[in-house]
Each structure stands twice: as structure tokens, then as C-alpha cells.
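Q: Pasting a structure here, questions to come.
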Amino acid sequence: MFLKLAWRNIWRNKRRTAITLGSIFFAVILSTLMSSIKEGVYVNMIKNSAGDFYGYAQIQLKGYNEEKTLDYSFEFTDEVKNAVGSESAIEESLPRLESFALASHKTVSKGALVVGVNPEKEKLGTQLHNRVVEGEYLTQNDNEVLIGDGLAEYMNVTVGDTIVLLGQGYHGVSAAGKYRIKGIVKFGSPEISKQVVFLPLKTAQTLYGAENLITNLVLQVNSANAGIKVAKKLKTQLPENLVAYDWQELNPGLVKMIETDRTEGYVFMFILYLVISFGIFGTILMMLAERKHEFGVLVAIGMKRFQLAVLVWLEVISISVLGAIVGVIGALPVCFYLYFSPIKLGDELKQMTEEYGLEAVLQPSVAPEIFINQGIIVFCLAATIAIYPLIKLLSIDAIKQMRS
Amino acid sequence: MNVITTSNLSKVYDEGPVPVYAVNGVDLEIKKGEFTAIVGPSGSGKTTLLNIIGGLDKASSGGVKIGSTEIENLSANELIDFRLRNIGFVFQSYNLIPVLTAKENTEFIMLLQNTPKAERDKRVESLLAEVGLEDRMNNRPTELSGGQQQRVAVARALASKPQFILADEPTANLDSKSTANLLDIMLKLNKEEDTTFVFSTHDQRVIDRARRIITLEDGKIISDEKQHVQ
Ligand SMILES: Nc1ncnc2c1ncn2[C@@H]1O[C@H](COP(=O)(O)OP(=O)(O)OP(=O)(O)O)[C@@H](O)[C@H]1O
Ligand SMILES: [Mg+2]
């Protein structure tokens with residue numbers, strides 16, 4: 001009966017209810033879309049600059065993450081293999097030997113991230129072969145390399161050209177080698193495309209004088225969250241000198257950037273909801289004034305003030321939650337539509353996003369938390385605002401109310 | 001036994017330059033089954049007196065006993081509960097909850113009393129039949145005439161099985177036909193169910209049908225007469 005009464009009271013003043021619902025609806029739809037798009041960008045960013053290349057989790061020798069030199073390389077022993085193999089979430093483990101070197105062709109030189117990989121494993125794991133846009137993919141014993149399209153463009157080289165890699169090898173030996181370019185690879189993250197050079201693991205180990213050694217073991221899992229879980233679990237199972245990191249620990253800069261951006265979003269949402277709150281509050285004040293006499297009669301005939309307060313509280317909550325639900329329902333189709341057919345950004349925006357190391361695609365996230373959070377925020381807001389009438393009604397006086 | 005007893009009841013408003021005695025030393029006894037009209041010129045204190053008797057307003061001095069309860073000893077929340085169980089109210093207008101039907105309005109007070117559903121349904125139907133509204137049960141107040149609304153208010157007041165019904169000018173907004181009709185119903189309830197009514201009025205046609213007439217002037221009782229009506 002109380003619910004029925006509250007529900008009917010909401011619809012008493014249809015226009016006012018429509019205005020209140022409408023303002024909540026727009027606030028919710030706006031902030032849902034905003035969060036959805038932002039979260040989508042983060043997912044994309046994490047995938048491109050972390051997942052696709054570094055993996056969502058890695059095993060390294062202690063110290064390597066802080067100081068990336070070959071001196072922190074390790075052997076991919078059976079002990080490590082077993083620890084990794086016992087983890088069912090890990091689809092593939094990819095040994096790599098990574099180091100920086102100077103790549104040059106004719107008069108052009110550029111710093112490059114040289115990555116020794118197991119071509120067969122990468123095929124199964126990161127699907128590196130699918131990134132080859134020109135030339136061919138590597139095989140195990142090649143003495144050839146794949147280079148990122150950004151780097152190729154910068155150095156003005158193409159398939160068939162030869163580049164020279166010059167760097168420092170294991171324990172300070174000097175490393176130098178000449179390699180033919182077998183193929184060109186393209187990554188979502190322009191940052192990676194601009195500096196990467198792949199060669200077979202064996203070839204890299206020879207180049208750097210690091211026989212049988214690797215610097216990272218990339219753990220292929222199916223999502224960013226799985227990476228976090230796996231890394232956490234492995235931390236206790238690995239030999240003393242090794243440590244598992246998730247993508248957050250591997251990319252602190254990225255995490256920080258996302259957090260800053262997310263906070264900005266929250267500030268915007270806060271302001272938006274603050275405005276809405278004043279709207280709801282105004283509605284409540286009007287409603288209290290209009291129904292003074294009615295409240296007086298109710299208390300006079302014996303309705304407890306506490307019951308009356310709950311009734312009005314319910315009214316405020318229901319209208320707000322209703323607005324939130326309608327808003328989320330309104331935002332859902334847009335988010336899902338964009339999720340399944342992401343927008344490719346135009347040239348101008350593309351340049352801008354690439355400067356930030358982003359792929360120029362807008363694909364919102366449809367994670368349920370985004371939608372549930374909006375509902376929770378509106379509910380909490382309404383519940384807080386509704387404290388005002390609650391307190392007012394807990395101390396009303398029947399005849400004072402009726403006299404007006 | 002007295003349903004209502006007041007002793008030396010006074011209410012002073014002293015916010016203005018001179019204190020106003022809205023009710024001034026009223027001693028009153030009303031017995032079960034009486035049908036009493038409080039009359040008097042405007043400003044004579046009728047509303048104030050009824051509000052104090054009904055526990056809606058506080059007296060400045062003196063006391064009110066309903067049955068054997070001295071209501072000035074009750075806390076604000078106890079008083080609300082006391083009203084719910086002992087006093088039926090009919091106000092001059094806008095008595096009903098606008099979003100509820102006649103039936104639901106009548107049922108509402110029993111809901112507040114936690115009466116079981118089966119009993120509520122039975123009682124609502126018989127009450128609305130008694131006030132002649134069995135065919136308007138599912139209409140909302142806006143779909144009822146002023147007289148019909150007051151009849152629903154009487155049905156609602158009765159629903160709580162109160163010791164008596166207080167009505168402040170219940171016919172003030174009604175035309176003469178509706179007034180006569182409401183009085184017929186009140187008198188019938190008084191006769192058949194021994195329901196005690198205390199109401200204020202300006203209307204001579206209403207006064208003519210009361211059994212007991214208490215006249216106030218400047219907050220004092222200046223006459224208290226019984227008259228015989230059929
Ligand atoms: N809240 C108040 N503050 C000050 N004076 C008041 C207040 N309420 C009533 N009074 C005064 O008390 C006196 C009695 O008022 P009351 O409303 O009881 O009269 P009434 O007999 O019901 O009049 P009416 O027939 O016009 O309804 C009046 O002089 C009125 O001005
Ligand atoms: Mg009056």
C-alpha cells in the first residue's frame with residue numbers, strides 16, 4: 001500500500017515528474033556515455049600499448065623492471081616452465097630477449113627496441129604473423145628481421161634492405177650485426193611501431209652474446225584482468241630470483257595517465273550531478289509546500305510522522321531511480337551499437353590520438369559496472385537529498401500544516 | 001460514562017499586543033451516544049476547542065480526558081497513536097488522500113492500525129454502504145462531489161472504531177441537499193450504532209437537527225441545551 005501510494009503520488013503532477021525524470025535521464029545518459037567511451041578508450045589503450053606487445057603479464061628477473069639491461073637476463077629452466085604450465089589461465093608463454101640498440105641504414109640511425117622472439121610461439125600467442133603488412137614472417141633460424149612500419153618509414157627502408165644493429169651485449173660485450181629486412185609489422189600503438197625490431201630468439205642471443213638467456217617471459221592470457229590475477233598467483237610460486245608482473249606494474253605511466261583521465265571524468269560527473277541534485281531538491285521543496293494540508297490531515301488522523309517521512313522518502317527515491325534506469329536504458333543501445341561497430345576517427349583526430357600513442361578508433365566499453373555505477377550514484381544522491389524532507393516530516397505539526 | 005471531559009480548559013494566544021483567550025475556562029462533559037453541535041459566532045473558539053479535544057492542539061491550562069486518558073500526559077508520538085485508535089476526524093474540506101479511491105481512503109486508517117486484510121475488506125464495504133457510496137468505491141476524490149467526499153471522510157473516521165467523531169464545520173462547503181444527506185447519515189449512525197458525534201457549525205439547518213447545542217462566545221460556554229429531534 002505504501003509503495004502503491006508513493007507510486008501514485010509520483011504521477012500526481014505529471015509535468016513536474018516529467019521534468020525531474022528528464023533531467024535525471026539526461027544526466028545519466030550523458031555520464032553513462034562518457035564513462036562508457038572513456039573506459040572503452042582505456043581498454044583499447046591497455047590492449048594496444050600493453051597487451052598486444054608486452055602481454056598482460058610477464059616473468060622477469062628481479063631488478064629488470066627497474067633497470068632494463070641484459071645483465072638481468074635468466075634461463076628459461078624447467079622449474080619456470082612447470083610453474084607457468086600449472087596455471088591454466090596462461091594460454092601460451094613467450095620467451096623474449098629484449099634490449100635497445102642503434103639501428104642504421106645508410107646515413108640514417110635510430111634507437112630501436114630489439115626483441116628476440118620465438119616465431120612459432122608468437123604465432124600462437126600474440127599472433128605476430130598477422131601484423132606483417134609487407135614481406136614475410138620469421139622462421140626459427142632466420143638471420144633476418146621484422147621491423148615496425150613507423151621505424152621503416154623513419155629510416156626509409158623496405159623489405160629486402162639491410163640494417164645494422166649496434167648495441168651493448170651481455171656483460172658489456174659489444175654487439176653488432178647486419179640483417180636483411182624480411183617483413184614489416186604494424187601495431188595499434190604508434191609508439192611501438194616506431195621503434196620495434198623483431199628477430200628470432202636464437203639470432204638475438206647470438207647478437208648479444210647471451211646464449212640460452214631471456215629477459216622476459218610474456219604470459220599470454222585472454223584479458224587485462226586475467227593478467228593481474230595470474231601475476232598475483234605466480235608471485236608466490238616462482239623461484240626466488242624471478243618475479244611476475246602484471247601490465248599495471250609493467251606500464252606505470254599508462255596506469256597513471258588512465259587514473260588522471262578517469263579523475264577528470266569524475267569531476268565532470270560530479271558537477272553534472274550537483275546541478276541535477278539542485279533540481280531534485282527544488283522539486284522536493286515545491287512538493288512539500290503543495291502538500292502541506294494533506295500531510296497535516298494524514299498526521300491528524302493518526303499516520304505516524306515516521307511513516308509519512310518514509311512515504312515521501314520512497315517517492316523521491318523511486319523517481320530518481322526510475323530516471324536513472326530510463327537513462328541507462330537510453331544509453332545502452334548507443335553504447336552497444338558503437339561497441340559492435342566502432343567509429344574510425346577522421347585524419348585530424350587520428351593525428352591527435354596517435355600523439356598520445358592511441359589507435360584512432362572509438363569503441364566504448366560495455367562493462368556492466370559502468371551502467372550499474374550510474375544507478376548507484378543516482379540512488380545515493382537521491383537518498384542523501386531525501387534526508388531533508390525526512391527530517392522535516394519527522395517533526396511536523398498537524399494543525400500548523402492544515403492551517404496554511 | 002463520559003467520553004470527553006474537560007476541566008477549566010483555556011487557550012491563550014499572547015503573541016499580539018493583547019492576549020487572546022480563544023478558549024476560556026471551559027468545563028464540558030460529553031457522554032457516549034451524544035450528538036452535539038458546538039455553535040457560536042466566528043472567532044468564538046469552536047475550532048480551537050475541537051482541536052484541543054482532538055489532541056491536535058495543546059491547552060494553555062486545564063485538562064482533557066478522553067475516556068480515562070488524560071491526553072496532556074502523552075508525548076507527541078503517543079498522541080498520534082492515541083488519535084489513530086480513539087478519535088475519528090472529519091475536517092471542513094480536502095479530507096481525503098487525492099491519489100487513493102474512496103475504498104482505499106477508508107481502508108487507509110485500518111492499514112495504519114494493522115487490521116488484517118480480510119477484515120479491512122469486509123468493513124470498508126459495509127462502511128461505504130452505510131454512507132450510501134457502495135457504487136462509488138473505486139472513484140478518486142476528484143471524481144466525487146463535495147458531499148460524497150465528506151461521506152467518505154465519515155466512513156474513514158468510523159473505520160478506526162473510534163470512541164467519538166470530531167467534525168469541524170463538516171458541511172461548510174456543501175449545498176443544502178448534500179448537507180441534509182450528510183446529517184441523515186450521521187444521525188442514522190448515531191441512532192443505530194450509538195456513535196458519538198461532536199461537531200461545530202454555523203448552519204441553522206444543522207443546528208436544528210442536533211440533540212445537544214453548546215454555544216460559545218469569546219471562548220466561554222454561554223449556553224448548553226438539549227433539544228428533541230426525531
Ligand atoms: N494561531 C493563532 N494565533 C493567534 N490567535 C489565534 C490562532 N488561532 C486562533 N486564534 C484566535 O482565537 C480565537 C478563536 O479562533 P477559532 O478559530 O477557534 O474560532 P472559530 O469559532 O472556529 O471561528 P470560525 O467560526 O471563524 O471558524 C480567534 O479570535 C482567533 O483569532
Ligand atoms: Mg473554526
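Simple scheme: letters A, B, ... for chains in C-alpha cells order, numbers from 1 for residues in each chain, numbers from 1 for ligands in the order shown.
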Write out as a ChimeraX atom specification the set of residues from chain B that DSSP, computed on the backbone, places in strand (DSSP E or B).

A: /B:2-13,20-31,35-39,61-66,69-70,87-90,164-168,197-200,212-217,220-226

Q: 6 Å from ligand 1 is the threshold here; counting only C-alpha atoms and all ligand atoms, which polymer residues fall inside it? Answer as a ChimeraX atom specification.

A: /B:13,22,41-48

Q: Mind giving me the straight-line distance from CA of Ile184 (chain A) to CA of Leu217 (chain A) in Å, one decimal?

A: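 Separating CA of Ile184 (chain A) from CA of Leu217 (chain A) is a distance of 23.5 Å.
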
Q: Kindly provide, as a JSON list (two decimals) with N, CA and C atoms, in the first residue's frame, the residues of chain B having any atom no farther than 9 Å from an atom of chain A, counting only C-alpha atoms.

A:
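Saved the output as part31.json:
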[["chain", "number", "residue", "atom", "x", "y", "z"],
["B", 51, "ASN", "N", -9.94, 21.30, 18.35],
["B", 51, "ASN", "CA", -8.55, 20.87, 18.15],
["B", 51, "ASN", "C", -7.91, 20.39, 19.46],
["B", 54, "GLY", "N", -9.37, 17.08, 20.36],
["B", 54, "GLY", "CA", -8.86, 16.04, 19.46],
["B", 54, "GLY", "C", -7.38, 15.79, 19.60],
["B", 55, "GLY", "N", -6.71, 16.49, 20.52],
["B", 55, "GLY", "CA", -5.29, 16.26, 20.72],
["B", 55, "GLY", "C", -4.43, 16.81, 19.60],
["B", 56, "LEU", "N", -4.99, 17.74, 18.81],
["B", 56, "LEU", "CA", -4.19, 18.35, 17.74],
["B", 56, "LEU", "C", -3.50, 19.60, 18.25],
["B", 57, "ASP", "N", -4.07, 20.20, 19.29],
["B", 57, "ASP", "CA", -3.52, 21.44, 19.82],
["B", 57, "ASP", "C", -3.38, 21.27, 21.34],
["B", 77, "ASN", "N", 4.32, 11.61, 19.86],
["B", 77, "ASN", "CA", 4.10, 10.39, 19.09],
["B", 77, "ASN", "C", 3.03, 9.50, 19.69],
["B", 79, "LEU", "N", 0.52, 10.62, 21.21],
["B", 79, "LEU", "CA", -0.73, 11.31, 20.91],
["B", 79, "LEU", "C", -1.23, 10.94, 19.51],
["B", 80, "ILE", "N", -0.28, 10.84, 18.56],
["B", 80, "ILE", "CA", -0.68, 10.46, 17.20],
["B", 80, "ILE", "C", -1.31, 9.07, 17.24],
["B", 81, "ASP", "N", -0.68, 8.18, 17.96],
["B", 81, "ASP", "CA", -1.21, 6.83, 18.04],
["B", 81, "ASP", "C", -2.56, 6.81, 18.78],
["B", 82, "PHE", "N", -2.66, 7.65, 19.79],
["B", 82, "PHE", "CA", -3.92, 7.73, 20.54],
["B", 82, "PHE", "C", -5.05, 8.22, 19.63],
["B", 83, "ARG", "N", -4.77, 9.23, 18.82],
["B", 83, "ARG", "CA", -5.77, 9.73, 17.88],
["B", 83, "ARG", "C", -6.19, 8.62, 16.93],
["B", 84, "LEU", "N", -5.20, 7.89, 16.45],
["B", 84, "LEU", "CA", -5.49, 6.82, 15.48],
["B", 84, "LEU", "C", -6.49, 5.82, 16.06],
["B", 85, "ARG", "N", -6.34, 5.50, 17.34],
["B", 85, "ARG", "CA", -7.18, 4.44, 17.91],
["B", 85, "ARG", "C", -8.46, 4.93, 18.57],
["B", 87, "ILE", "N", -9.99, 8.52, 18.11],
["B", 87, "ILE", "CA", -10.76, 9.66, 17.62],
["B", 87, "ILE", "C", -10.90, 9.61, 16.11],
["B", 88, "GLY", "N", -12.12, 9.82, 15.63],
["B", 88, "GLY", "CA", -12.34, 9.92, 14.19],
["B", 88, "GLY", "C", -12.44, 11.39, 13.82],
["B", 89, "PHE", "N", -11.73, 11.78, 12.74],
["B", 89, "PHE", "CA", -11.75, 13.20, 12.35],
["B", 89, "PHE", "C", -12.43, 13.40, 11.01],
["B", 90, "VAL", "N", -13.26, 14.46, 10.96],
["B", 90, "VAL", "CA", -13.76, 14.91, 9.66],
["B", 90, "VAL", "C", -13.48, 16.41, 9.62],
["B", 91, "PHE", "N", -12.72, 16.83, 8.64],
["B", 91, "PHE", "CA", -12.41, 18.26, 8.54],
["B", 91, "PHE", "C", -13.34, 18.94, 7.54],
["B", 94, "TYR", "N", -11.03, 18.89, 1.89],
["B", 94, "TYR", "CA", -9.77, 18.22, 1.50],
["B", 94, "TYR", "C", -9.32, 17.21, 2.55],
["B", 95, "ASN", "N", -10.28, 16.39, 2.94],
["B", 95, "ASN", "CA", -10.02, 15.38, 3.94],
["B", 95, "ASN", "C", -9.26, 14.18, 3.42],
["B", 96, "LEU", "N", -9.45, 13.92, 2.11],
["B", 96, "LEU", "CA", -9.06, 12.62, 1.59],
["B", 96, "LEU", "C", -7.70, 12.68, 0.89],
["B", 97, "ILE", "N", -7.08, 11.51, 0.79],
["B", 97, "ILE", "CA", -5.82, 11.42, 0.05],
["B", 97, "ILE", "C", -6.18, 11.39, -1.43],
["B", 98, "PRO", "N", -5.72, 12.38, -2.19],
["B", 98, "PRO", "CA", -6.21, 12.54, -3.56],
["B", 98, "PRO", "C", -5.91, 11.37, -4.49],
["B", 99, "VAL", "N", -4.82, 10.64, -4.23],
["B", 99, "VAL", "CA", -4.47, 9.57, -5.17],
["B", 99, "VAL", "C", -5.10, 8.23, -4.82],
["B", 100, "LEU", "N", -5.87, 8.20, -3.73],
["B", 100, "LEU", "CA", -6.50, 6.93, -3.36],
["B", 100, "LEU", "C", -7.99, 6.99, -3.65],
["B", 108, "PHE", "N", -7.38, 2.99, 4.45],
["B", 108, "PHE", "CA", -6.08, 3.51, 4.87],
["B", 108, "PHE", "C", -5.91, 3.52, 6.38],
["B", 109, "ILE", "N", -6.94, 3.99, 7.07],
["B", 109, "ILE", "CA", -6.81, 4.14, 8.52],
["B", 109, "ILE", "C", -6.69, 2.78, 9.20],
["B", 111, "LEU", "N", -5.30, 0.26, 7.77],
["B", 111, "LEU", "CA", -3.94, -0.15, 7.46],
["B", 111, "LEU", "C", -2.97, 0.38, 8.50],
["B", 112, "LEU", "N", -3.18, 1.64, 8.86],
["B", 112, "LEU", "CA", -2.33, 2.24, 9.89],
["B", 112, "LEU", "C", -2.50, 1.49, 11.21],
["B", 113, "GLN", "N", -3.68, 0.91, 11.40],
["B", 113, "GLN", "CA", -3.92, 0.16, 12.64],
["B", 113, "GLN", "C", -3.51, -1.30, 12.52],
["B", 157, "ALA", "N", -13.48, 7.99, 9.15],
["B", 157, "ALA", "CA", -13.42, 8.27, 10.58],
["B", 157, "ALA", "C", -13.95, 7.10, 11.38]]

Q: Using only C-alpha atoms, determine which residues lie at most 7 Å from Leu70 (chain A), disregarding the query and same-chain residues fewer than 2 positions distant; provide the list as a list in words.

A: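 The filter keeps Lys68, Tyr72, Ser73, Ser99, Gly169, Tyr170 and Thr215 of chain A.
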
Q: Point out the residue among B:Asn2, B:Thr179, B:Thr142, B:Gln92 with the least atom-to-atom distance to ligand 2, counting only C-alpha atoms and all ligand atoms.

A: B:Gln92

Q: Pick out the closest residue to ligand 2 from this set: A:Gly172, A:Arg403, A:Ile325, A:Val133. Count only C-alpha atoms and all ligand atoms.

A: A:Arg403

Q: Identify, with DSSP run on backbone atoms, the residues in region 19-178 of chain A assigned to alpha helix (DSSP H), and express the list as a VMD selection string.

A: chain A and resid 19 to 46 78 to 85 119 to 124 149 to 155

Q: Take the selection from the previous step and output its residues with N, CA and C atoms, as a compact mmCIF listing (two decimals), in the first residue's frame.

A:
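Here's the written file result-v5.txt:
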# COMPACT_ATOMS: atom_id res chain seq x y z
N ILE A 19 9.65 16.57 -15.85
CA ILE A 19 10.83 17.44 -15.85
C ILE A 19 11.94 16.82 -14.99
N THR A 20 11.57 16.34 -13.81
CA THR A 20 12.55 15.73 -12.92
C THR A 20 13.17 14.50 -13.58
N LEU A 21 12.28 13.65 -14.10
CA LEU A 21 12.75 12.43 -14.76
C LEU A 21 13.67 12.79 -15.92
N GLY A 22 13.25 13.79 -16.68
CA GLY A 22 14.01 14.19 -17.86
C GLY A 22 15.41 14.66 -17.49
N SER A 23 15.51 15.46 -16.43
CA SER A 23 16.83 15.97 -16.10
C SER A 23 17.73 14.85 -15.60
N ILE A 24 17.16 13.93 -14.83
CA ILE A 24 17.98 12.79 -14.37
C ILE A 24 18.37 11.94 -15.57
N PHE A 25 17.39 11.75 -16.45
CA PHE A 25 17.62 10.95 -17.65
C PHE A 25 18.82 11.48 -18.45
N PHE A 26 18.82 12.80 -18.69
CA PHE A 26 19.90 13.36 -19.50
C PHE A 26 21.25 13.29 -18.79
N ALA A 27 21.23 13.56 -17.49
CA ALA A 27 22.48 13.48 -16.74
C ALA A 27 23.03 12.07 -16.82
N VAL A 28 22.15 11.10 -16.63
CA VAL A 28 22.60 9.71 -16.60
C VAL A 28 23.09 9.28 -17.98
N ILE A 29 22.32 9.65 -18.99
CA ILE A 29 22.69 9.22 -20.34
C ILE A 29 24.04 9.85 -20.71
N LEU A 30 24.21 11.11 -20.35
CA LEU A 30 25.44 11.81 -20.67
C LEU A 30 26.63 11.17 -19.96
N SER A 31 26.47 10.96 -18.66
CA SER A 31 27.64 10.45 -17.95
C SER A 31 27.85 8.97 -18.23
N THR A 32 26.77 8.25 -18.58
CA THR A 32 26.97 6.85 -18.96
C THR A 32 27.77 6.78 -20.25
N LEU A 33 27.35 7.58 -21.22
CA LEU A 33 28.06 7.58 -22.50
C LEU A 33 29.52 7.98 -22.30
N MET A 34 29.69 9.02 -21.48
CA MET A 34 31.05 9.50 -21.26
C MET A 34 31.91 8.39 -20.64
N SER A 35 31.39 7.79 -19.55
CA SER A 35 32.20 6.74 -18.92
C SER A 35 32.42 5.59 -19.87
N SER A 36 31.38 5.24 -20.59
CA SER A 36 31.48 4.09 -21.48
C SER A 36 32.56 4.33 -22.53
N ILE A 37 32.56 5.52 -23.11
CA ILE A 37 33.55 5.82 -24.14
C ILE A 37 34.95 5.90 -23.53
N LYS A 38 35.03 6.58 -22.40
CA LYS A 38 36.33 6.70 -21.73
C LYS A 38 36.89 5.31 -21.38
N GLU A 39 36.05 4.50 -20.74
CA GLU A 39 36.52 3.17 -20.35
C GLU A 39 36.92 2.36 -21.59
N GLY A 40 36.16 2.57 -22.66
CA GLY A 40 36.48 1.90 -23.91
C GLY A 40 37.86 2.30 -24.42
N VAL A 41 38.14 3.60 -24.33
CA VAL A 41 39.44 4.11 -24.76
C VAL A 41 40.54 3.48 -23.91
N TYR A 42 40.28 3.35 -22.60
CA TYR A 42 41.29 2.76 -21.73
C TYR A 42 41.56 1.31 -22.12
N VAL A 43 40.48 0.58 -22.36
CA VAL A 43 40.64 -0.83 -22.71
C VAL A 43 41.50 -0.93 -23.97
N ASN A 44 41.17 -0.07 -24.93
CA ASN A 44 41.88 -0.05 -26.19
C ASN A 44 43.36 0.31 -25.98
N MET A 45 43.55 1.29 -25.10
CA MET A 45 44.88 1.76 -24.81
C MET A 45 45.70 0.66 -24.13
N ILE A 46 45.07 -0.01 -23.18
CA ILE A 46 45.76 -1.07 -22.45
C ILE A 46 46.11 -2.20 -23.40
N ASP A 78 63.32 -25.58 -16.59
CA ASP A 78 62.14 -26.44 -16.42
C ASP A 78 61.32 -26.00 -15.23
N GLU A 79 62.02 -25.51 -14.21
CA GLU A 79 61.33 -25.08 -13.00
C GLU A 79 60.32 -23.97 -13.34
N VAL A 80 60.81 -23.02 -14.16
CA VAL A 80 59.93 -21.92 -14.58
C VAL A 80 58.81 -22.48 -15.45
N LYS A 81 59.19 -23.33 -16.37
CA LYS A 81 58.20 -23.94 -17.28
C LYS A 81 57.08 -24.60 -16.48
N ASN A 82 57.45 -25.33 -15.44
CA ASN A 82 56.45 -26.05 -14.65
C ASN A 82 55.52 -25.09 -13.92
N ALA A 83 56.13 -24.06 -13.34
CA ALA A 83 55.31 -23.10 -12.60
C ALA A 83 54.29 -22.46 -13.54
N VAL A 84 54.74 -22.11 -14.73
CA VAL A 84 53.86 -21.47 -15.70
C VAL A 84 52.84 -22.46 -16.24
N GLY A 85 53.30 -23.67 -16.49
CA GLY A 85 52.42 -24.69 -17.06
C GLY A 85 51.28 -25.07 -16.15
N PRO A 119 59.45 -17.40 -33.10
CA PRO A 119 58.42 -17.09 -34.10
C PRO A 119 57.18 -17.99 -33.99
N GLU A 120 57.41 -19.27 -33.73
CA GLU A 120 56.27 -20.20 -33.66
C GLU A 120 55.37 -19.88 -32.49
N LYS A 121 56.00 -19.60 -31.34
CA LYS A 121 55.22 -19.30 -30.14
C LYS A 121 54.46 -17.98 -30.29
N GLU A 122 55.13 -16.98 -30.88
CA GLU A 122 54.46 -15.69 -31.06
C GLU A 122 53.24 -15.84 -31.98
N LYS A 123 53.37 -16.74 -32.92
CA LYS A 123 52.27 -17.01 -33.85
C LYS A 123 51.05 -17.47 -33.06
N LEU A 124 51.29 -18.38 -32.10
CA LEU A 124 50.19 -18.91 -31.30
C LEU A 124 49.70 -17.89 -30.28
N ASP A 149 56.41 -0.58 -38.84
CA ASP A 149 56.20 0.27 -40.02
C ASP A 149 56.63 1.71 -39.76
N GLY A 150 56.47 2.17 -38.52
CA GLY A 150 56.88 3.54 -38.18
C GLY A 150 58.38 3.70 -38.33
N LEU A 151 59.09 2.68 -37.86
CA LEU A 151 60.56 2.72 -37.92
C LEU A 151 61.02 2.65 -39.38
N ALA A 152 60.36 1.77 -40.15
CA ALA A 152 60.72 1.61 -41.56
C ALA A 152 60.55 2.93 -42.29
N GLU A 153 59.47 3.60 -41.98
CA GLU A 153 59.19 4.86 -42.64
C GLU A 153 60.26 5.89 -42.28
N TYR A 154 60.57 5.93 -40.96
CA TYR A 154 61.56 6.89 -40.50
C TYR A 154 62.92 6.66 -41.16
N MET A 155 63.32 5.38 -41.23
CA MET A 155 64.64 5.06 -41.77
C MET A 155 64.64 4.94 -43.28
